[in-house]
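Beneath this line is the structure, given in structure tokens, with notes to follow.
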Amino acid sequence: MTLDAAWAHAAGAVAAGRIPCAVLGVTGPGGRHVRATGLAARFPEEVPVTCDTLFDLASLTKPVFTTERILAHAEAGRIDLDAPLTSVIPDLRQYDAESWERQVTFRDCLAHRTPFPAVEPIYTYGGDPDRLRAFVLQRAWRRQAPPVYSDINFILIGIALERLEGCPIRQMDPGPGFTFAPDPETCAATEACAWRGRILRGEVHDENCFALQGAGHAGLFGTADALLGFAEDRLSGGPAPIFTALSPTRSHGWEIRHEGWSGGQNCSAATIGHTGFTGTGLWIDPEAGIAWTFLTNRVHPTRHTESGIADLRRAVGEALFAE
């Protein structure tokens with residue numbers, strides 16, 4: 001494991017101004033190591049990042065929180081992963097008993113093998129979170145073929161979780177080091193949001209999650225140490241389904257190594273990983289006994305620039321495993 005070489009890529013991107021900050025954390029046989037450089041916020045004033053800065057994890061919410069909770073319910077026998085979502089959400093497309101949406105299963109959603117579109121601007125349909133949930137459940141969704149990675153899958157699973165646990169997602173315990181309601185002063189800033197009219201810091205970047213006041217596809221905040229602790233638990237015997245391939249690119253809630261993926265090609269074929277739109281990522285290699293997280297706020301102050309994050313993630317992952 002060559003941490004210095006990986007860190008050189010991360011620190012170089014900050015020095016070049018492509019991303020405001022970088023936090024790289026690695027855990028493995030050599031212990032746990034975290035490094036940080038750059039600014040957690042550029043505006044309205046400069047705030048240095050630290051190893052303890054909380055990041056808006058964006059779509060890392062899907063595997064780290066939502067998938068884990070769904071798999072726990074399945075293991076406890078409260079749901080069947082191969083049963084349709086209607087086993088928990090009977091009112092899904094309730095006015096059309098023959099609709100394709102009523103046939104979608106939990107496992108289909110976890111593997112992103114449904115016809116749902118990648119994303120929908122749900123937040124533009126109103127401001128009442130309960131009405132927006134009803135909109136999600138009753139909408140006749142346009143079919144996407146072939147299947148794509150879709151936020152809608154995990155928004156629906158999130159609604160199922162709320163039905164199963166009898167409370168909003170934001171009232172659920174996300175685990176040590178994670179939160180849905182951080183202190184803004186401890187967080188990396190994200191975007192100057194045109195819709196909300198302010199720079200976001202300590203509130204969720206994803207518009208749909210914000211409008212729904214908590215959802216299964218985004219909303220989790222956490223530190224590098226929190227993510228590494230999560231990964232260490234999985235390296236020591238986490239739930240087998242997260243390492244079980246459901247397609248050439250995906251397992252239950254995670255990506256698996258494939259050509260061109262975010263973790264690079266030097267890790268083992270058993271590696272799983274996931275990224276978040278804000279600039280975050282976590283990868284777990286059970287064969288090497290290594291996990292790493294690379295956290296940036298690449299959307300600060302705007303998403304509408306080319307940060308090179310895709311290439312940077314791959315370079316960091318490949319450098320970690322360089323000979």
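If you're wondering about the labels, chains in the structure tokens are A, B, ... by order shown, residues count from 1 in each chain, ligands from 1 in order shown.
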Near-A:Glu323 list (12 Å; only C-alpha atoms; drop same-chain fewer than 6 positions) as a PDB file with N, CA, C and O atoms, in the first residue's frame:
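File written: out.pdb
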```pdb
ATOM      1  N   MET A   1       0.853  -1.193   0.000  1.00  0.00           N
ATOM      2  CA  MET A   1       0.000   0.000   0.000  1.00  0.00           C
ATOM      3  C   MET A   1       0.885   1.238   0.000  1.00  0.00           C
ATOM      4  O   MET A   1       1.704   1.418   0.909  1.00  0.00           O
ATOM      5  N   THR A   2       0.777   2.082  -1.004  1.00  0.00           N
ATOM      6  CA  THR A   2       1.645   3.241  -1.152  1.00  0.00           C
ATOM      7  C   THR A   2       0.842   4.521  -0.949  1.00  0.00           C
ATOM      8  O   THR A   2       0.409   5.168  -1.910  1.00  0.00           O
ATOM      9  N   LEU A   3       0.672   4.895   0.305  1.00  0.00           N
ATOM     10  CA  LEU A   3      -0.149   6.051   0.652  1.00  0.00           C
ATOM     11  C   LEU A   3       0.447   7.344   0.092  1.00  0.00           C
ATOM     12  O   LEU A   3      -0.289   8.218  -0.384  1.00  0.00           O
ATOM     13  N   ALA A   5       2.149   7.966  -2.619  1.00  0.00           N
ATOM     14  CA  ALA A   5       1.880   8.152  -4.045  1.00  0.00           C
ATOM     15  C   ALA A   5       0.428   8.546  -4.285  1.00  0.00           C
ATOM     16  O   ALA A   5       0.129   9.415  -5.120  1.00  0.00           O
ATOM     17  N   ASN A 266      -6.126  -1.646 -10.056  1.00  0.00           N
ATOM     18  CA  ASN A 266      -5.080  -2.368  -9.333  1.00  0.00           C
ATOM     19  C   ASN A 266      -5.574  -3.099  -8.093  1.00  0.00           C
ATOM     20  O   ASN A 266      -4.843  -3.905  -7.523  1.00  0.00           O
ATOM     21  N   CYS A 267      -6.794  -2.815  -7.666  1.00  0.00           N
ATOM     22  CA  CYS A 267      -7.368  -3.531  -6.525  1.00  0.00           C
ATOM     23  C   CYS A 267      -7.837  -4.909  -6.984  1.00  0.00           C
ATOM     24  O   CYS A 267      -7.864  -5.217  -8.174  1.00  0.00           O
TER      25      CYS A 267
END
```
For this session: Please provide as a list in words all residues within 9 Å of stretch 115-127 of chain A, with the sequence filter that same-chain residues fewer than 2 positions apart are discarded (counting only C-alpha atoms).
Result: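 Close residues of stretch 115-127 of chain A: Trp100, Glu101, His112, Arg113, Pro129, Asp130, Arg131, Leu132, Phe135, Val136, Trp141, Arg142, Arg143, Gln144, Ala145, Pro146, Pro147, Val148, Tyr149, Ser150, Asp151, Ile152, Asn153, Glu207, Asn208, Cys209, Phe210, Ala211 and Leu212 of chain A.
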Exercise: stretch 214-217 of chain A partners within 10 Å, only C-alpha atoms, chain neighbours under 3 positions left out, as an mmCIF file with N, CA and C atoms, in the first residue's frame:
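Okay, around_11.cif is ready:
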```
data_model
loop_
_atom_site.group_PDB
_atom_site.id
_atom_site.type_symbol
_atom_site.label_atom_id
_atom_site.label_comp_id
_atom_site.auth_asym_id
_atom_site.auth_seq_id
_atom_site.Cartn_x
_atom_site.Cartn_y
_atom_site.Cartn_z
ATOM 1 N N ALA A 58 -23.576 12.499 0.037
ATOM 2 C CA ALA A 58 -24.390 12.358 -1.175
ATOM 3 C C ALA A 58 -24.778 10.888 -1.385
ATOM 4 N N SER A 59 -24.484 10.315 -2.545
ATOM 5 C CA SER A 59 -24.951 8.962 -2.853
ATOM 6 C C SER A 59 -24.237 7.863 -2.078
ATOM 7 N N LEU A 60 -23.200 8.182 -1.319
ATOM 8 C CA LEU A 60 -22.668 7.180 -0.382
ATOM 9 C C LEU A 60 -23.712 6.796 0.658
ATOM 10 N N THR A 61 -24.743 7.643 0.808
ATOM 11 C CA THR A 61 -25.877 7.287 1.669
ATOM 12 C C THR A 61 -26.485 5.954 1.239
ATOM 13 N N LYS A 62 -26.526 5.716 -0.069
ATOM 14 C CA LYS A 62 -27.162 4.498 -0.584
ATOM 15 C C LYS A 62 -26.539 3.228 -0.002
ATOM 16 N N PRO A 63 -25.215 3.008 -0.137
ATOM 17 C CA PRO A 63 -24.653 1.771 0.407
ATOM 18 C C PRO A 63 -24.399 1.807 1.905
ATOM 19 N N PHE A 65 -25.817 3.624 4.415
ATOM 20 C CA PHE A 65 -26.983 3.658 5.307
ATOM 21 C C PHE A 65 -28.138 2.803 4.794
ATOM 22 N N THR A 66 -28.665 3.142 3.627
ATOM 23 C CA THR A 66 -29.922 2.541 3.174
ATOM 24 C C THR A 66 -29.777 1.054 2.890
ATOM 25 N N THR A 67 -28.734 0.673 2.155
ATOM 26 C CA THR A 67 -28.524 -0.746 1.860
ATOM 27 C C THR A 67 -28.355 -1.546 3.133
ATOM 28 N N PRO A 129 -43.294 17.744 1.866
ATOM 29 C CA PRO A 129 -42.609 16.459 1.717
ATOM 30 C C PRO A 129 -43.546 15.257 1.653
ATOM 31 N N ARG A 133 -43.835 12.655 -1.491
ATOM 32 C CA ARG A 133 -43.783 11.199 -1.375
ATOM 33 C C ARG A 133 -44.950 10.554 -2.117
ATOM 34 N N SER A 150 -30.072 4.662 -10.736
ATOM 35 C CA SER A 150 -31.222 5.549 -10.543
ATOM 36 C C SER A 150 -31.431 5.930 -9.085
ATOM 37 N N ASP A 151 -31.511 7.239 -8.832
ATOM 38 C CA ASP A 151 -31.877 7.707 -7.496
ATOM 39 C C ASP A 151 -33.270 7.237 -7.097
ATOM 40 N N ILE A 152 -34.153 7.074 -8.078
ATOM 41 C CA ILE A 152 -35.539 6.707 -7.768
ATOM 42 C C ILE A 152 -35.591 5.366 -7.043
ATOM 43 N N ASN A 153 -34.725 4.428 -7.426
ATOM 44 C CA ASN A 153 -34.676 3.139 -6.725
ATOM 45 C C ASN A 153 -34.540 3.329 -5.223
ATOM 46 N N PHE A 154 -33.618 4.212 -4.825
ATOM 47 C CA PHE A 154 -33.322 4.353 -3.400
ATOM 48 C C PHE A 154 -34.256 5.339 -2.703
ATOM 49 N N ILE A 155 -34.879 6.232 -3.441
ATOM 50 C CA ILE A 155 -35.944 7.034 -2.845
ATOM 51 C C ILE A 155 -37.095 6.115 -2.443
ATOM 52 N N LEU A 156 -37.423 5.160 -3.304
ATOM 53 C CA LEU A 156 -38.490 4.200 -2.984
ATOM 54 C C LEU A 156 -38.094 3.296 -1.819
ATOM 55 N N ILE A 157 -36.858 2.806 -1.819
ATOM 56 C CA ILE A 157 -36.418 1.981 -0.688
ATOM 57 C C ILE A 157 -36.461 2.797 0.601
ATOM 58 N N GLY A 158 -36.120 4.079 0.506
ATOM 59 C CA GLY A 158 -36.184 4.933 1.690
ATOM 60 C C GLY A 158 -37.597 5.059 2.221
ATOM 61 N N ILE A 159 -38.570 5.183 1.329
ATOM 62 C CA ILE A 159 -39.967 5.219 1.765
ATOM 63 C C ILE A 159 -40.347 3.901 2.430
ATOM 64 N N ALA A 160 -39.860 2.788 1.875
ATOM 65 C CA ALA A 160 -40.118 1.491 2.496
ATOM 66 C C ALA A 160 -39.511 1.423 3.899
ATOM 67 N N LEU A 161 -38.305 1.941 4.069
ATOM 68 C CA LEU A 161 -37.680 1.963 5.395
ATOM 69 C C LEU A 161 -38.522 2.752 6.390
ATOM 70 N N GLU A 162 -39.041 3.879 5.943
ATOM 71 C CA GLU A 162 -39.873 4.683 6.834
ATOM 72 C C GLU A 162 -41.138 3.928 7.231
ATOM 73 N N PRO A 168 -39.495 8.981 10.195
ATOM 74 C CA PRO A 168 -38.737 9.528 9.068
ATOM 75 C C PRO A 168 -37.275 9.101 9.119
ATOM 76 N N ILE A 169 -36.639 9.056 7.958
ATOM 77 C CA ILE A 169 -35.237 8.652 7.893
ATOM 78 C C ILE A 169 -34.371 9.517 8.794
ATOM 79 N N ARG A 170 -34.636 10.804 8.843
ATOM 80 C CA ARG A 170 -33.798 11.694 9.644
ATOM 81 C C ARG A 170 -33.869 11.406 11.136
ATOM 82 N N GLN A 171 -34.860 10.621 11.569
ATOM 83 C CA GLN A 171 -34.938 10.234 12.979
ATOM 84 C C GLN A 171 -34.262 8.886 13.256
ATOM 85 N N PHE A 180 -27.438 13.010 10.120
ATOM 86 C CA PHE A 180 -28.283 13.664 9.120
ATOM 87 C C PHE A 180 -28.460 15.155 9.431
ATOM 88 N N VAL A 204 -28.125 19.333 3.277
ATOM 89 C CA VAL A 204 -27.910 18.406 2.172
ATOM 90 C C VAL A 204 -27.875 19.131 0.827
ATOM 91 N N ASP A 206 -28.239 17.607 -2.206
ATOM 92 C CA ASP A 206 -29.210 17.039 -3.141
ATOM 93 C C ASP A 206 -30.582 17.693 -2.960
ATOM 94 N N ASN A 208 -33.596 16.939 -4.171
ATOM 95 C CA ASN A 208 -34.734 16.063 -3.867
ATOM 96 C C ASN A 208 -34.738 15.625 -2.414
ATOM 97 N N CYS A 209 -33.562 15.296 -1.887
ATOM 98 C CA CYS A 209 -33.483 14.911 -0.484
ATOM 99 C C CYS A 209 -33.885 16.069 0.421
ATOM 100 N N PHE A 210 -33.451 17.275 0.076
ATOM 101 C CA PHE A 210 -33.824 18.456 0.849
ATOM 102 C C PHE A 210 -35.337 18.643 0.846
ATOM 103 N N ALA A 211 -35.953 18.533 -0.331
ATOM 104 C CA ALA A 211 -37.393 18.755 -0.447
ATOM 105 C C ALA A 211 -38.195 17.668 0.269
ATOM 106 N N LEU A 220 -26.752 11.772 4.083
ATOM 107 C CA LEU A 220 -25.854 11.372 5.160
ATOM 108 C C LEU A 220 -24.597 12.236 5.151
#
```
For this session: Write out as a list in words each polymer residue whose atoms come within 10 Å of A:Ile199, counting only C-alpha atoms; drop sequence neighbours fewer than 5 positions from it.
Result: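 Everything that qualifies: Ala41, Phe43, Pro44, Ala189, Thr190, Glu191, Ala192, Cys193, Ala194, His205, His300, Pro301 and Thr302 of chain A.
Closest approach to A:Ile284 among A:Ala181, A:Ala231, A:Ala218, A:Ala97: A:Ala231, based on only C-alpha atoms.
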For this session: Mind listing the helix (DSSP H, G or I) residues of stretch 103-169 of chain A, per DSSP on the backbone, as a PyMOL selection string?
Result: chain A and resi 103+106-110+122-125+129-138+151-165+169
Exercise. Looking only at the backbone, which of the residues in stretch 26-165 of chain A does DSSP tag as strand (DSSP E), as a PyMOL selection string?
Worked result: chain A and resi 26-28+31-41+47-48+55-56
Exercise. Hey, what's within 12 Å of A:Ser87 if we count only C-alpha atoms and toss same-chain stuff fewer than 3 positions away? As a count of residues only, please?
Worked result: 19
Exercise. Looking at only C-alpha atoms, which of A:Glu185, A:Glu45, A:Glu165, A:Asp311 is the one that sits closest to A:Ala13?
Worked result: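 Checking each candidate against A:Ala13, we get A:Asp311 as the closest.
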Seminar exercise, completed: Min atom-atom distance to A:Arg257 from the set A:Pro176, A:Gly317, A:Gly222, A:Gly279, counting only C-alpha atoms, belongs to A:Gly317
Problem set entry | A:Glu232 environment, 8 Å, only C-alpha atoms, sequence neighbours closer than 3 positions dropped, as a list in words |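 The filter keeps Thr27, Leu228, Gly229, Leu235, Ser236 and Ala291 of chain A.
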Can you build me a table of stretch 246-306 of chain A residues sitting at most 10 Å from stretch 29-33 of chain A, with the closest atom pair per residue and its distance in Å to one decimal, using only C-alpha atoms, sorted by chain and residue number, as a tab-separated table?
```
residue	atom	partner	partner_atom	distance
A:Ala288	CA	A:Pro29	CA	8.8
A:Gly289	CA	A:Pro29	CA	6.9
A:Ile290	CA	A:Pro29	CA	7.3
A:Ala291	CA	A:Arg32	CA	9.5
A:Trp292	CA	A:His33	CA	9.5
```
File dump, residues just selected, all heavy atoms, as a CSV table (one decimal), in the first residue's frame:
```csv
chain,number,residue,atom,x,y,z
A,288,ALA,N,-7.4,-7.9,-0.2
A,288,ALA,CA,-6.2,-7.2,0.3
A,288,ALA,C,-6.3,-6.8,1.8
A,288,ALA,O,-5.4,-6.4,2.4
A,288,ALA,CB,-5.9,-6.0,-0.5
A,289,GLY,N,-7.6,-6.8,2.3
A,289,GLY,CA,-7.8,-6.3,3.7
A,289,GLY,C,-7.6,-4.8,3.8
A,289,GLY,O,-7.3,-4.3,4.9
A,290,ILE,N,-7.9,-4.1,2.7
A,290,ILE,CA,-7.7,-2.6,2.6
A,290,ILE,C,-9.0,-1.9,2.2
A,290,ILE,O,-9.7,-2.4,1.4
A,290,ILE,CB,-6.6,-2.3,1.6
A,290,ILE,CG1,-5.2,-2.8,2.1
A,290,ILE,CG2,-6.5,-0.8,1.3
A,290,ILE,CD1,-4.1,-2.7,1.1
A,291,ALA,N,-9.2,-0.8,2.8
A,291,ALA,CA,-10.3,0.1,2.4
A,291,ALA,C,-9.8,1.5,2.4
A,291,ALA,O,-8.8,1.9,3.1
A,291,ALA,CB,-11.5,0.0,3.4
A,292,TRP,N,-10.3,2.3,1.5
A,292,TRP,CA,-9.9,3.7,1.4
A,292,TRP,C,-11.1,4.6,1.1
A,292,TRP,O,-12.1,4.2,0.4
A,292,TRP,CB,-8.8,3.9,0.4
A,292,TRP,CG,-9.1,3.8,-1.1
A,292,TRP,CD1,-9.3,4.8,-2.0
A,292,TRP,CD2,-9.2,2.6,-1.9
A,292,TRP,NE1,-9.5,4.3,-3.2
A,292,TRP,CE2,-9.5,3.0,-3.2
A,292,TRP,CE3,-9.1,1.2,-1.5
A,292,TRP,CZ2,-9.7,2.0,-4.2
A,292,TRP,CZ3,-9.3,0.3,-2.6
A,292,TRP,CH2,-9.6,0.7,-3.9
```
Problem set entry | Counting only C-alpha atoms, the option among A:Leu137, A:Leu320, A:Ala22, A:Pro48 closest to A:Gln265 | A:Leu320
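Using only C-alpha atoms, the shortest contact distance between A:Gln213 and any of A:Gly273, A:Asp128, A:Gly175, A:Glu75 is found at A:Asp128.
In this comparison, which uses only C-alpha atoms, the residue of A:Phe321, A:Phe243, A:Trp261, A:Trp254 approaching A:Cys109 most closely is A:Trp254.
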For this session: One decimal, Å: what's the distance from atom CA of A:Phe221 over to atom CA of A:Leu54, could you say?
Result: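 Pair atom CA of A:Phe221 / atom CA of A:Leu54 returns 6.1 Å.
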Exercise. What is the distance between atom CA of A:Leu282 and atom CA of A:Ile70, in Å to one decimal?
Worked result: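 Computed distance, atom CA of A:Leu282 to atom CA of A:Ile70, equals 19.3 Å.
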